[in-house]
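**Q** File work.tsv follows (TSV, C-alpha atoms):
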```tsv
chain	number	residue	atom	x	y	z
D	1	MET	CA	-20.80	38.28	-15.51
D	2	THR	CA	-20.42	36.76	-12.08
D	3	SER	CA	-23.76	35.00	-12.30
D	4	THR	CA	-22.83	33.62	-15.72
D	5	ASN	CA	-19.55	32.22	-14.39
D	6	SER	CA	-21.30	30.63	-11.43
D	7	THR	CA	-23.87	29.07	-13.77
D	8	VAL	CA	-21.11	27.59	-15.95
D	9	GLU	CA	-19.27	26.24	-12.90
D	10	SER	CA	-22.48	24.71	-11.58
D	11	THR	CA	-23.17	23.09	-14.97
D	12	ASN	CA	-19.63	21.70	-15.16
D	13	SER	CA	-19.91	20.37	-11.62
D	14	THR	CA	-23.21	18.67	-12.43
D	15	GLN	CA	-21.77	17.12	-15.59
D	16	MET	CA	-18.71	15.91	-13.65
D	17	LYS	CA	-20.89	14.27	-11.02
D	18	THR	CA	-23.07	12.66	-13.68
D	19	LEU	CA	-20.02	11.28	-15.51
D	20	TYR	CA	-18.55	10.06	-12.24
D	21	LEU	CA	-21.85	8.39	-11.34
D	22	VAL	CA	-22.07	6.60	-14.70
D	23	ILE	CA	-18.46	5.36	-14.49
D	24	ALA	CA	-19.00	4.31	-10.87
D	25	CYS	CA	-22.13	2.33	-11.81
D	26	ILE	CA	-20.28	0.49	-14.60
D	27	ALA	CA	-17.29	-0.25	-12.36
D	28	VAL	CA	-19.42	-1.47	-9.46
D	29	VAL	CA	-21.54	-3.74	-11.68
D	30	PHE	CA	-18.41	-5.21	-13.27
D	31	VAL	CA	-16.69	-5.72	-9.89
D	32	ILE	CA	-19.64	-7.49	-8.27
D	33	ALA	CA	-20.63	-9.50	-11.37
D	34	SER	CA	-17.14	-10.76	-12.21
D	35	ASN	CA	-16.34	-11.76	-8.64
D	36	LEU	CA	-19.73	-13.43	-8.16
D	37	ILE	CA	-19.17	-15.46	-11.34
D	38	LEU	CA	-15.76	-16.52	-10.05
D	39	LEU	CA	-17.20	-17.32	-6.62
D	40	HIS	CA	-19.98	-19.36	-8.22
D	41	ALA	CA	-17.43	-21.29	-10.27
D	42	LEU	CA	-15.34	-22.06	-7.20
D	43	MET	CA	-18.38	-23.17	-5.23
D	44	LEU	CA	-19.63	-25.48	-8.00
D	45	LYS	CA	-16.37	-27.43	-8.23
D	46	SER	CA	-15.45	-28.61	-4.78
D	47	GLU	CA	-12.40	-30.50	-6.06
D	48	ILE	CA	-10.67	-27.32	-7.20
D	49	ARG	CA	-10.87	-25.92	-3.67
D	50	LYS	CA	-8.69	-28.81	-2.46
D	51	ASN	CA	-5.77	-26.85	-3.87
D	52	TYR	CA	-4.66	-24.76	-0.92
D	53	ARG	CA	-3.73	-21.78	-3.14
D	54	ILE	CA	-7.32	-21.55	-4.32
D	55	GLU	CA	-8.21	-20.74	-0.69
D	56	PHE	CA	-6.33	-17.45	-1.04
D	57	ILE	CA	-8.08	-16.77	-4.37
D	58	LEU	CA	-11.47	-17.50	-2.80
D	59	TRP	CA	-10.97	-15.12	0.11
D	60	LEU	CA	-9.44	-12.45	-2.14
D	61	CYS	CA	-12.55	-12.77	-4.30
D	62	LEU	CA	-14.73	-12.21	-1.22
D	63	SER	CA	-12.64	-9.14	-0.34
D	64	ASP	CA	-13.24	-7.70	-3.81
D	65	ILE	CA	-16.97	-8.31	-3.37
D	66	VAL	CA	-16.86	-6.25	-0.17
D	67	VAL	CA	-15.19	-3.44	-2.14
D	68	GLY	CA	-17.95	-3.74	-4.73
D	69	ILE	CA	-20.60	-3.48	-2.00
D	70	SER	CA	-18.99	-0.23	-0.81
D	71	GLY	CA	-19.20	1.07	-4.38
D	72	LEU	CA	-22.87	0.07	-4.52
D	73	LEU	CA	-23.50	2.04	-1.34
D	74	LEU	CA	-21.64	4.99	-2.88
D	75	VAL	CA	-23.83	4.91	-5.99
D	76	CYS	CA	-27.02	4.66	-3.88
D	77	ASN	CA	-25.77	7.66	-1.92
D	78	TYR	CA	-25.99	9.73	-5.12
D	79	LEU	CA	-29.23	8.25	-6.43
D	80	ILE	CA	-31.43	8.07	-3.33
D	81	ARG	CA	-32.23	11.31	-1.56
D	82	GLY	CA	-31.76	11.42	2.17
D	83	LEU	CA	-29.01	8.82	2.34
D	84	SER	CA	-26.28	11.44	2.01
D	85	LYS	CA	-27.36	12.90	5.37
D	86	ASN	CA	-27.77	9.57	7.13
D	87	THR	CA	-24.82	9.18	9.52
D	88	HIS	CA	-25.20	5.41	9.95
D	89	TYR	CA	-25.41	4.78	6.21
D	90	CYS	CA	-22.35	6.92	5.53
D	91	SER	CA	-20.35	5.22	8.29
D	92	LEU	CA	-21.34	1.80	6.91
D	93	MET	CA	-20.16	2.84	3.43
D	94	TYR	CA	-16.73	3.88	4.72
D	95	HIS	CA	-16.51	0.70	6.78
D	96	PHE	CA	-17.06	-1.51	3.73
D	97	LEU	CA	-14.61	0.51	1.62
D	98	ALA	CA	-11.82	0.45	4.21
D	99	ALA	CA	-12.42	-3.17	5.22
D	100	GLY	CA	-12.54	-4.34	1.59
D	101	ILE	CA	-9.26	-2.64	0.68
D	102	GLY	CA	-7.69	-3.88	3.92
D	103	GLN	CA	-8.77	-7.44	3.21
D	104	SER	CA	-7.35	-7.25	-0.32
D	105	LEU	CA	-4.05	-6.07	1.12
D	106	ALA	CA	-4.05	-8.81	3.77
D	107	GLN	CA	-4.88	-11.63	1.34
D	108	THR	CA	-2.26	-10.44	-1.16
D	109	PHE	CA	0.24	-10.31	1.70
D	110	LEU	CA	-0.65	-13.91	2.65
D	111	ILE	CA	-0.15	-15.01	-0.96
D	112	CYS	CA	3.31	-13.42	-0.97
D	113	ILE	CA	4.09	-15.04	2.40
D	114	ASP	CA	3.10	-18.41	0.95
D	115	ARG	CA	5.51	-18.05	-1.97
D	116	HIS	CA	8.23	-16.65	0.29
D	117	MET	CA	7.95	-19.64	2.59
D	118	ALA	CA	7.97	-22.12	-0.29
D	119	VAL	CA	10.89	-20.57	-2.21
D	120	VAL	CA	13.10	-18.98	0.45
D	121	ALA	CA	12.46	-21.15	3.52
D	122	ASN	CA	11.46	-24.37	1.67
D	123	VAL	CA	8.31	-24.60	3.80
D	124	SER	CA	5.10	-25.40	1.96
D	125	TYR	CA	1.90	-23.85	3.27
D	126	LYS	CA	-0.03	-27.05	2.51
D	127	LEU	CA	2.01	-28.89	5.14
D	128	PHE	CA	0.26	-26.92	7.87
D	129	ASN	CA	-2.81	-28.31	9.53
D	130	LYS	CA	-6.02	-27.51	7.64
D	131	LYS	CA	-7.63	-25.96	10.71
D	132	TYR	CA	-4.56	-23.78	11.22
D	133	ARG	CA	-4.80	-22.57	7.61
D	134	TYR	CA	-8.43	-21.60	8.06
D	135	ILE	CA	-7.60	-19.85	11.32
D	136	VAL	CA	-4.97	-17.76	9.53
D	137	ILE	CA	-7.18	-16.85	6.56
D	138	PHE	CA	-10.44	-16.31	8.44
D	139	GLY	CA	-8.53	-14.64	11.29
D	140	THR	CA	-7.21	-11.92	8.98
D	141	TRP	CA	-10.74	-11.37	7.64
D	142	LEU	CA	-12.21	-11.11	11.14
D	143	PHE	CA	-9.37	-8.92	12.42
D	144	MET	CA	-9.68	-6.47	9.52
D	145	HIS	CA	-13.44	-6.05	9.99
D	146	ALA	CA	-13.04	-5.71	13.77
D	147	TYR	CA	-10.21	-3.19	13.44
D	148	VAL	CA	-11.97	-0.99	10.87
D	149	GLY	CA	-15.29	-1.36	12.68
D	150	THR	CA	-13.71	-0.18	15.93
D	151	LEU	CA	-12.27	2.89	14.20
D	152	VAL	CA	-15.66	3.67	12.67
D	153	VAL	CA	-17.49	3.31	15.99
D	154	VAL	CA	-14.96	5.41	17.92
D	155	TRP	CA	-14.12	8.21	15.45
D	156	MET	CA	-17.09	8.33	13.04
D	157	ARG	CA	-19.89	9.00	15.48
D	158	VAL	CA	-21.86	12.23	14.99
D	159	ASP	CA	-25.49	13.18	15.39
D	160	HIS	CA	-25.88	15.06	12.11
D	161	ILE	CA	-23.94	15.57	8.87
D	162	THR	CA	-24.63	17.94	5.98
D	163	TYR	CA	-23.26	15.55	3.35
D	164	CYS	CA	-21.76	12.06	3.22
D	165	SER	CA	-18.09	13.01	3.21
D	166	LEU	CA	-15.15	12.35	5.51
D	167	THR	CA	-14.79	16.05	6.19
D	168	SER	CA	-18.29	16.03	7.70
D	169	TYR	CA	-16.89	14.04	10.62
D	170	PRO	CA	-14.85	16.10	13.12
D	171	ASN	CA	-12.48	13.19	13.93
D	172	HIS	CA	-11.98	11.94	10.39
D	173	LYS	CA	-8.21	12.55	10.56
D	174	LEU	CA	-7.93	10.21	13.55
D	175	PHE	CA	-9.91	7.61	11.61
D	176	LEU	CA	-7.56	7.91	8.62
D	177	THR	CA	-4.51	7.79	10.90
D	178	GLY	CA	-5.68	4.48	12.31
D	179	ILE	CA	-6.27	3.17	8.79
D	180	ASN	CA	-2.83	4.29	7.58
D	181	ILE	CA	-1.05	2.73	10.57
D	182	LEU	CA	-2.23	-0.69	9.40
D	183	PHE	CA	-2.48	-0.30	5.62
D	184	LEU	CA	0.82	1.40	4.75
D	185	PRO	CA	3.17	-1.20	6.34
D	186	ILE	CA	1.30	-4.02	4.56
D	187	LEU	CA	1.35	-2.12	1.26
D	188	PHE	CA	5.14	-1.60	1.41
D	189	ALA	CA	5.83	-5.12	2.73
D	190	ILE	CA	4.10	-6.81	-0.23
D	191	PRO	CA	6.59	-5.71	-2.95
D	192	GLY	CA	9.51	-6.31	-0.56
D	193	LEU	CA	8.46	-9.92	0.00
D	194	TYR	CA	7.83	-10.48	-3.68
D	195	ILE	CA	11.20	-9.04	-4.77
D	196	SER	CA	12.99	-11.18	-2.15
D	197	THR	CA	11.16	-14.26	-3.46
D	198	ILE	CA	12.10	-13.51	-7.07
D	199	ILE	CA	15.79	-13.00	-6.25
D	200	THR	CA	16.01	-16.30	-4.35
D	201	PHE	CA	14.09	-18.17	-7.05
D	202	LYS	CA	16.34	-16.88	-9.83
D	203	ASN	CA	19.49	-17.81	-7.93
D	204	ARG	CA	18.22	-21.36	-7.41
D	205	SER	CA	17.09	-21.66	-11.01
D	206	ARG	CA	20.52	-20.57	-12.22
D	207	ARG	CA	22.20	-23.30	-10.17
D	208	THR	CA	19.71	-25.95	-11.27
D	209	TYR	CA	20.14	-25.30	-14.98
D	210	HIS	CA	23.87	-26.11	-14.85
D	211	LEU	CA	23.21	-29.73	-15.73
D	212	PRO	CA	26.35	-31.91	-15.76
D	213	ASP	CA	27.10	-34.00	-18.84
D	214	LEU	CA	25.81	-37.44	-17.92
D	215	THR	CA	25.39	-40.22	-20.41
D	216	ILE	CA	22.43	-42.54	-20.41
D	217	SER	CA	24.68	-45.51	-19.74
D	218	THR	CA	25.93	-43.86	-16.59
D	219	VAL	CA	22.39	-43.43	-15.32
D	220	THR	CA	21.18	-46.89	-16.23
D	221	SER	CA	24.28	-48.77	-15.10
D	222	THR	CA	24.41	-50.69	-11.86
D	223	GLN	CA	26.96	-48.26	-10.51
D	224	THR	CA	24.60	-45.28	-10.59
D	225	SER	CA	24.74	-45.04	-6.82
D	226	LEU	CA	28.49	-44.48	-7.04
D	227	CYS	CA	28.04	-41.50	-9.37
D	228	PRO	CA	28.69	-38.24	-7.49
D	229	PHE	CA	26.06	-36.37	-9.54
D	230	PRO	CA	22.27	-36.59	-9.25
D	231	SER	CA	20.43	-38.46	-12.00
D	232	ILE	CA	18.99	-36.84	-15.10
D	233	HIS	CA	15.50	-37.73	-13.85
D	234	TYR	CA	16.14	-35.63	-10.73
D	235	PHE	CA	17.12	-32.61	-12.81
D	236	GLU	CA	14.11	-33.01	-15.11
D	237	MET	CA	11.72	-33.20	-12.16
D	238	THR	CA	13.40	-30.15	-10.65
D	239	ARG	CA	12.99	-28.22	-13.88
D	240	ILE	CA	9.30	-29.17	-14.14
D	241	ARG	CA	8.77	-28.09	-10.55
D	242	GLN	CA	10.54	-24.79	-11.16
D	243	LYS	CA	8.51	-24.20	-14.31
D	244	TYR	CA	5.34	-24.54	-12.24
D	245	GLN	CA	6.75	-22.26	-9.54
D	246	ARG	CA	7.64	-19.71	-12.22
D	247	GLN	CA	4.04	-19.68	-13.44
D	248	VAL	CA	2.75	-19.22	-9.88
D	249	ILE	CA	5.23	-16.41	-9.19
D	250	THR	CA	4.27	-14.67	-12.44
D	251	THR	CA	0.58	-14.83	-11.52
D	252	ILE	CA	1.28	-13.43	-8.05
D	253	GLY	CA	3.43	-10.72	-9.64
D	254	LEU	CA	0.53	-9.60	-11.81
D	255	ILE	CA	-1.73	-9.44	-8.76
D	256	VAL	CA	0.89	-7.42	-6.86
D	257	VAL	CA	1.46	-5.01	-9.76
D	258	ALA	CA	-2.28	-4.46	-10.19
D	259	LEU	CA	-2.60	-3.76	-6.46
D	260	LEU	CA	0.29	-1.28	-6.40
D	261	PHE	CA	-0.68	0.65	-9.53
D	262	LEU	CA	-4.46	0.67	-9.07
D	263	SER	CA	-5.08	0.69	-5.30
D	264	GLY	CA	-1.69	2.12	-4.31
D	265	PRO	CA	-2.41	5.73	-5.41
D	266	PHE	CA	-5.70	5.74	-3.51
D	267	ILE	CA	-4.06	4.48	-0.31
D	268	ILE	CA	-0.96	6.69	-0.47
D	269	ILE	CA	-2.35	9.92	-1.95
D	270	VAL	CA	-6.00	10.00	-0.85
D	271	LEU	CA	-5.92	8.17	2.49
D	272	PHE	CA	-2.44	9.16	3.67
D	273	LEU	CA	-1.24	12.41	2.10
D	274	GLU	CA	-4.60	14.14	1.75
D	275	GLY	CA	-6.06	12.52	4.86
D	276	CYS	CA	-3.22	13.82	7.00
D	277	GLY	CA	-3.47	17.29	5.45
D	278	LEU	CA	-0.08	17.13	3.72
D	279	ILE	CA	-1.38	17.92	0.23
D	280	ALA	CA	-4.61	19.09	-1.39
D	281	VAL	CA	-6.17	16.84	-4.02
D	282	LYS	CA	-8.72	18.00	-6.58
D	283	THR	CA	-12.12	16.38	-6.60
D	284	SER	CA	-11.62	14.98	-10.10
D	285	THR	CA	-8.26	13.46	-9.08
D	286	ARG	CA	-9.81	11.89	-5.99
D	287	MET	CA	-12.58	10.42	-8.13
D	288	LEU	CA	-9.98	9.02	-10.54
D	289	PHE	CA	-8.02	7.30	-7.77
D	290	THR	CA	-11.23	5.91	-6.28
D	291	MET	CA	-12.24	4.43	-9.63
D	292	MET	CA	-8.76	2.94	-10.02
D	293	ALA	CA	-9.20	1.17	-6.68
D	294	TYR	CA	-12.49	-0.29	-7.90
D	295	CYS	CA	-10.81	-1.33	-11.16
D	296	ASN	CA	-8.30	-3.32	-9.12
D	297	SER	CA	-11.11	-5.43	-7.69
D	298	ALA	CA	-12.49	-5.87	-11.22
D	299	ALA	CA	-9.11	-6.83	-12.69
D	300	ASN	CA	-8.37	-9.63	-10.20
D	301	PRO	CA	-10.97	-12.14	-11.55
D	302	ILE	CA	-9.65	-11.51	-15.08
D	303	LEU	CA	-6.12	-12.32	-13.89
D	304	TYR	CA	-7.31	-15.53	-12.21
D	305	GLY	CA	-9.13	-16.71	-15.32
D	306	TRP	CA	-6.20	-15.83	-17.55
D	307	ARG	CA	-3.40	-17.38	-15.50
D	308	ILE	CA	-5.06	-20.33	-13.69
D	309	ARG	CA	-6.08	-23.05	-16.14
D	310	LYS	CA	-8.58	-24.83	-13.87
D	311	ILE	CA	-10.49	-21.63	-13.15
D	312	ARG	CA	-10.46	-20.73	-16.84
D	313	GLU	CA	-11.91	-24.11	-17.78
D	314	ILE	CA	-14.67	-23.90	-15.17
D	315	VAL	CA	-15.71	-20.36	-16.18
D	316	THR	CA	-15.64	-21.36	-19.85
D	317	LYS	CA	-17.94	-24.31	-19.16
D	318	LEU	CA	-20.39	-22.02	-17.35
D	319	PHE	CA	-20.85	-19.85	-20.44
D	320	CYS	CA	-20.27	-22.43	-23.17
D	321	LYS	CA	-22.40	-25.40	-22.18
D	322	THR	CA	-22.53	-27.98	-24.91
D	323	SER	CA	-25.27	-30.58	-25.12
D	324	PRO	CA	-24.12	-34.20	-25.29
D	325	ILE	CA	-24.09	-35.86	-28.70
D	326	PRO	CA	-26.84	-38.48	-28.92
D	327	GLN	CA	-25.71	-42.06	-29.39
D	328	TYR	CA	-27.44	-44.16	-32.04
```
Would you mind writing the file out in structure tokens?
**A**
Amino acid sequence: MTSTNSTVESTNSTQMKTLYLVIACIAVVFVIASNLILLHALMLKSEIRKNYRIEFILWLCLSDIVVGISGLLLVCNYLIRGLSKNTHYCSLMYHFLAAGIGQSLAQTFLICIDRHMAVVANVSYKLFNKKYRYIVIFGTWLFMHAYVGTLVVVWMRVDHITYCSLTSYPNHKLFLTGINILFLPILFAIPGLYISTIITFKNRSRRTYHLPDLTISTVTSTQTSLCPFPSIHYFEMTRIRQKYQRQVITTIGLIVVALLFLSGPFIIIVLFLEGCGLIAVKTSTRMLFTMMAYCNSAANPILYGWRIRKIREIVTKLFCKTSPIPQY
């Protein structure tokens, strides 16, 4: 009876790993392919990159590609024998996973900072020097890789492991503590910044939409300068500007919601609560949260193509090339 139960448990475990491997392969292929298509579209059209907000999208796309590379290393760990006992390969896999998630957090935080500055402080990010903007964006990328790489070098160094798992490293809790010290404050600051931006934007929109009753003759008369109210043209331009800002804030909100609901459980439950030994998480639950984190990187390009018209047009032209009509 005992041998029968052990055989059933072994079969179930094998089926679970096979299902997890298949889902992981599909998710990784979709993450890398979708982000590479978006990256190719952004590289083809240099004029679209002149929009400073596309810079954030570009670097967030690169961050998602790093997450996809970590998933590719995870899949190869299951498929290729010997890699699961290679300490350098396993450390590299965890480096890419942590750095990719950290970069996604940092770029999303910069996007929220950009909207917060524009709406709350009336400071536009495009007014900054171009070199300064690249220093900020590339600096966060370099800092995240250097920070995670330092943690990997210091706390993930062993001579031999039995299997590629965090528990195979004696100092894995110190590694996760260092990750949580940086990731958790950024994760909780992102929704705080976004909520503050929404509240300020709604208050300003409410004041703007109280348009005073001005007649056309008042606006077109020679005594317009003596009128104590702004012109109708000013209010119309303000409304158009706020409509554009509303679209941008909605797009950022979708990115923030996807981050919180897909990557948030992995960061809070797997990295923090389980990593610090506060709770015990089943293997199937850990696999689910890991796949949700990969789905976040796959969902971002879909959000860009859905909400940003220029990106949608470029991607559509890549797949729907029409031959020119001959002229007779």
**Q** Leaving out range 271-280 of chain D and any residue of its chain fewer than 4 positions from it, which residues lie within 10 Å of it when counting only C-alpha atoms, given as a PyMOL selection string?
**A** chain D and resi 98+166-167+172-177+179-181+183-184+265-267+286
**Q** Can you pull out the residues contacting Trp141 in chain D? Cut-off 9 Å, using only C-alpha atoms, and skip same-chain residues under 6 positions away; I want them as a PyMOL selection string.
**A** chain D and resi 59+63+99+102-103+106-107
**Q** Those residues you just picked out, can you put them in a file as a CSV table (one decimal), in the frame of the given file with C-alpha atoms?
**A**
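What landed in again13.csv:
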```
chain,number,residue,atom,x,y,z
D,59,TRP,CA,-11.0,-15.1,0.1
D,63,SER,CA,-12.6,-9.1,-0.3
D,99,ALA,CA,-12.4,-3.2,5.2
D,102,GLY,CA,-7.7,-3.9,3.9
D,103,GLN,CA,-8.8,-7.4,3.2
D,106,ALA,CA,-4.0,-8.8,3.8
D,107,GLN,CA,-4.9,-11.6,1.3
```
**Q** Could you list, as a ChimeraX atom specification, every residue within 8 Å of range 295-303 of chain D, counting all atoms listed in the file and ignoring same-chain residues fewer than 3 positions away?
**A** /D:27,30-32,34-35,38,61,64-65,67-68,251,254-255,258-259,262-263,291-292,306-307
**Q** CA of Ala118 in chain D and CA of Leu105 in chain D are how many Å apart?
**A**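 Between these atoms lies a distance of 20.1 Å.
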**Q** Can you find the residues with an atom no farther than 10 Å from (-24.0, -21.7, -12.8), counting all atoms listed in the file, and report them as a list of chain:residue names?
**A**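 Selection result: D:Ile37, D:His40, D:Ala41, D:Met43, D:Leu44, D:Ile314, D:Val315, D:Lys317, D:Leu318, D:Phe319.
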**Q** Calculated over only C-alpha atoms, which of the candidates D:Ile199, D:Ile111, D:Cys164, D:Met156 has the smallest distance to Glu55 in chain D?
**A**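 Ranked by minimum distance to Glu55 in chain D, first place goes to D:Ile111.
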**Q** Please, what distance in Å, to one decimal, runs between CA of Ala293 in chain D and CA of Gly100 in chain D?
**A**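 Going from CA of Ala293 in chain D over to CA of Gly100 in chain D, I get 10.5 Å.
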**Q** If you count only C-alpha atoms, which residues fall within 10 Å of Phe56 in chain D, apart from same-chain ones fewer than 5 positions away, as a list in words?
**A** Arg49, Asn51, Cys61, Leu62, Gln107, Thr108, Leu110, Ile111, Asp114 and Ile137 of chain D
**Q** Tell me which protein, DNA and RNA residues are within 9 Å of Phe201 in chain D, counting all atoms listed in the file, leaving out same-chain ones fewer than 2 positions away, and put them as a JSON list (two decimals) with C-alpha atoms, in the coordinates of the input.
**A**
```json
[["chain", "number", "residue", "atom", "x", "y", "z"],
["D", 119, "VAL", "CA", 10.89, -20.57, -2.21],
["D", 120, "VAL", "CA", 13.10, -18.98, 0.45],
["D", 196, "SER", "CA", 12.99, -11.18, -2.15],
["D", 197, "THR", "CA", 11.16, -14.26, -3.46],
["D", 198, "ILE", "CA", 12.10, -13.51, -7.07],
["D", 199, "ILE", "CA", 15.79, -13.00, -6.25],
["D", 203, "ASN", "CA", 19.49, -17.81, -7.93],
["D", 204, "ARG", "CA", 18.22, -21.36, -7.41],
["D", 205, "SER", "CA", 17.09, -21.66, -11.01],
["D", 206, "ARG", "CA", 20.52, -20.57, -12.22],
["D", 242, "GLN", "CA", 10.54, -24.79, -11.16],
["D", 245, "GLN", "CA", 6.75, -22.26, -9.54],
["D", 246, "ARG", "CA", 7.64, -19.71, -12.22]]
```
**Q** Using only C-alpha atoms, which of the listed residues (D:Val75, D:Ala33, D:Ile113, D:Ile269) sits closest to Val136 in chain D?
**A**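 Checking each of D:Val75, D:Ala33, D:Ile113, D:Ile269 against Val136 in chain D, counting only C-alpha atoms, the winner is D:Ile113.
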**Q** Between CA of Leu182 in chain D and CA of Val270 in chain D, what distance in Å does the model show, to one decimal?
**A**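 Answer for the CA of Leu182 in chain D to CA of Val270 in chain D separation: 15.3 Å.
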**Q** Can you fill out range 263-280 of chain D with N, CA and C atoms and hand it back as a PDB file, keeping the file's coordinate frame?
**A**
```
ATOM      1  N   SER D 263      -4.666   0.309  -6.660  1.00  0.00           N
ATOM      2  CA  SER D 263      -5.080   0.690  -5.300  1.00  0.00           C
ATOM      3  C   SER D 263      -4.030   1.512  -4.569  1.00  0.00           C
ATOM      4  N   GLY D 264      -2.760   1.389  -4.981  1.00  0.00           N
ATOM      5  CA  GLY D 264      -1.690   2.120  -4.310  1.00  0.00           C
ATOM      6  C   GLY D 264      -1.874   3.627  -4.291  1.00  0.00           C
ATOM      7  N   PRO D 265      -2.198   4.272  -5.438  1.00  0.00           N
ATOM      8  CA  PRO D 265      -2.410   5.730  -5.410  1.00  0.00           C
ATOM      9  C   PRO D 265      -3.527   6.170  -4.483  1.00  0.00           C
ATOM     10  N   PHE D 266      -4.605   5.383  -4.406  1.00  0.00           N
ATOM     11  CA  PHE D 266      -5.700   5.740  -3.510  1.00  0.00           C
ATOM     12  C   PHE D 266      -5.266   5.672  -2.051  1.00  0.00           C
ATOM     13  N   ILE D 267      -4.499   4.634  -1.704  1.00  0.00           N
ATOM     14  CA  ILE D 267      -4.060   4.480  -0.310  1.00  0.00           C
ATOM     15  C   ILE D 267      -3.039   5.551   0.062  1.00  0.00           C
ATOM     16  N   ILE D 268      -2.054   5.778  -0.805  1.00  0.00           N
ATOM     17  CA  ILE D 268      -0.960   6.690  -0.470  1.00  0.00           C
ATOM     18  C   ILE D 268      -1.400   8.152  -0.581  1.00  0.00           C
ATOM     19  N   ILE D 269      -2.049   8.503  -1.692  1.00  0.00           N
ATOM     20  CA  ILE D 269      -2.350   9.920  -1.950  1.00  0.00           C
ATOM     21  C   ILE D 269      -3.631  10.357  -1.249  1.00  0.00           C
ATOM     22  N   VAL D 270      -4.705   9.577  -1.408  1.00  0.00           N
ATOM     23  CA  VAL D 270      -6.000  10.000  -0.850  1.00  0.00           C
ATOM     24  C   VAL D 270      -6.076   9.741   0.645  1.00  0.00           C
ATOM     25  N   LEU D 271      -5.771   8.503   1.070  1.00  0.00           N
ATOM     26  CA  LEU D 271      -5.920   8.170   2.490  1.00  0.00           C
ATOM     27  C   LEU D 271      -4.804   8.766   3.344  1.00  0.00           C
ATOM     28  N   PHE D 272      -3.560   8.724   2.846  1.00  0.00           N
ATOM     29  CA  PHE D 272      -2.440   9.160   3.670  1.00  0.00           C
ATOM     30  C   PHE D 272      -2.108  10.647   3.504  1.00  0.00           C
ATOM     31  N   LEU D 273      -1.705  11.038   2.307  1.00  0.00           N
ATOM     32  CA  LEU D 273      -1.240  12.410   2.100  1.00  0.00           C
ATOM     33  C   LEU D 273      -2.362  13.432   2.270  1.00  0.00           C
ATOM     34  N   GLU D 274      -3.485  13.199   1.596  1.00  0.00           N
ATOM     35  CA  GLU D 274      -4.600  14.140   1.750  1.00  0.00           C
ATOM     36  C   GLU D 274      -5.280  13.986   3.097  1.00  0.00           C
ATOM     37  N   GLY D 275      -5.401  12.740   3.572  1.00  0.00           N
ATOM     38  CA  GLY D 275      -6.060  12.520   4.860  1.00  0.00           C
ATOM     39  C   GLY D 275      -5.341  13.160   6.015  1.00  0.00           C
ATOM     40  N   CYS D 276      -4.007  13.189   5.945  1.00  0.00           N
ATOM     41  CA  CYS D 276      -3.220  13.820   7.000  1.00  0.00           C
ATOM     42  C   CYS D 276      -3.017  15.310   6.781  1.00  0.00           C
ATOM     43  N   GLY D 277      -3.591  15.866   5.712  1.00  0.00           N
ATOM     44  CA  GLY D 277      -3.470  17.290   5.450  1.00  0.00           C
ATOM     45  C   GLY D 277      -2.141  17.714   4.878  1.00  0.00           C
ATOM     46  N   LEU D 278      -1.387  16.788   4.281  1.00  0.00           N
ATOM     47  CA  LEU D 278      -0.080  17.130   3.720  1.00  0.00           C
ATOM     48  C   LEU D 278      -0.190  17.768   2.349  1.00  0.00           C
ATOM     49  N   ILE D 279      -1.162  17.349   1.558  1.00  0.00           N
ATOM     50  CA  ILE D 279      -1.380  17.920   0.230  1.00  0.00           C
ATOM     51  C   ILE D 279      -2.875  18.120   0.032  1.00  0.00           C
ATOM     52  N   ALA D 280      -3.216  18.895  -1.000  1.00  0.00           N
ATOM     53  CA  ALA D 280      -4.610  19.090  -1.390  1.00  0.00           C
ATOM     54  C   ALA D 280      -4.837  18.415  -2.737  1.00  0.00           C
TER      55      ALA D 280
END
```
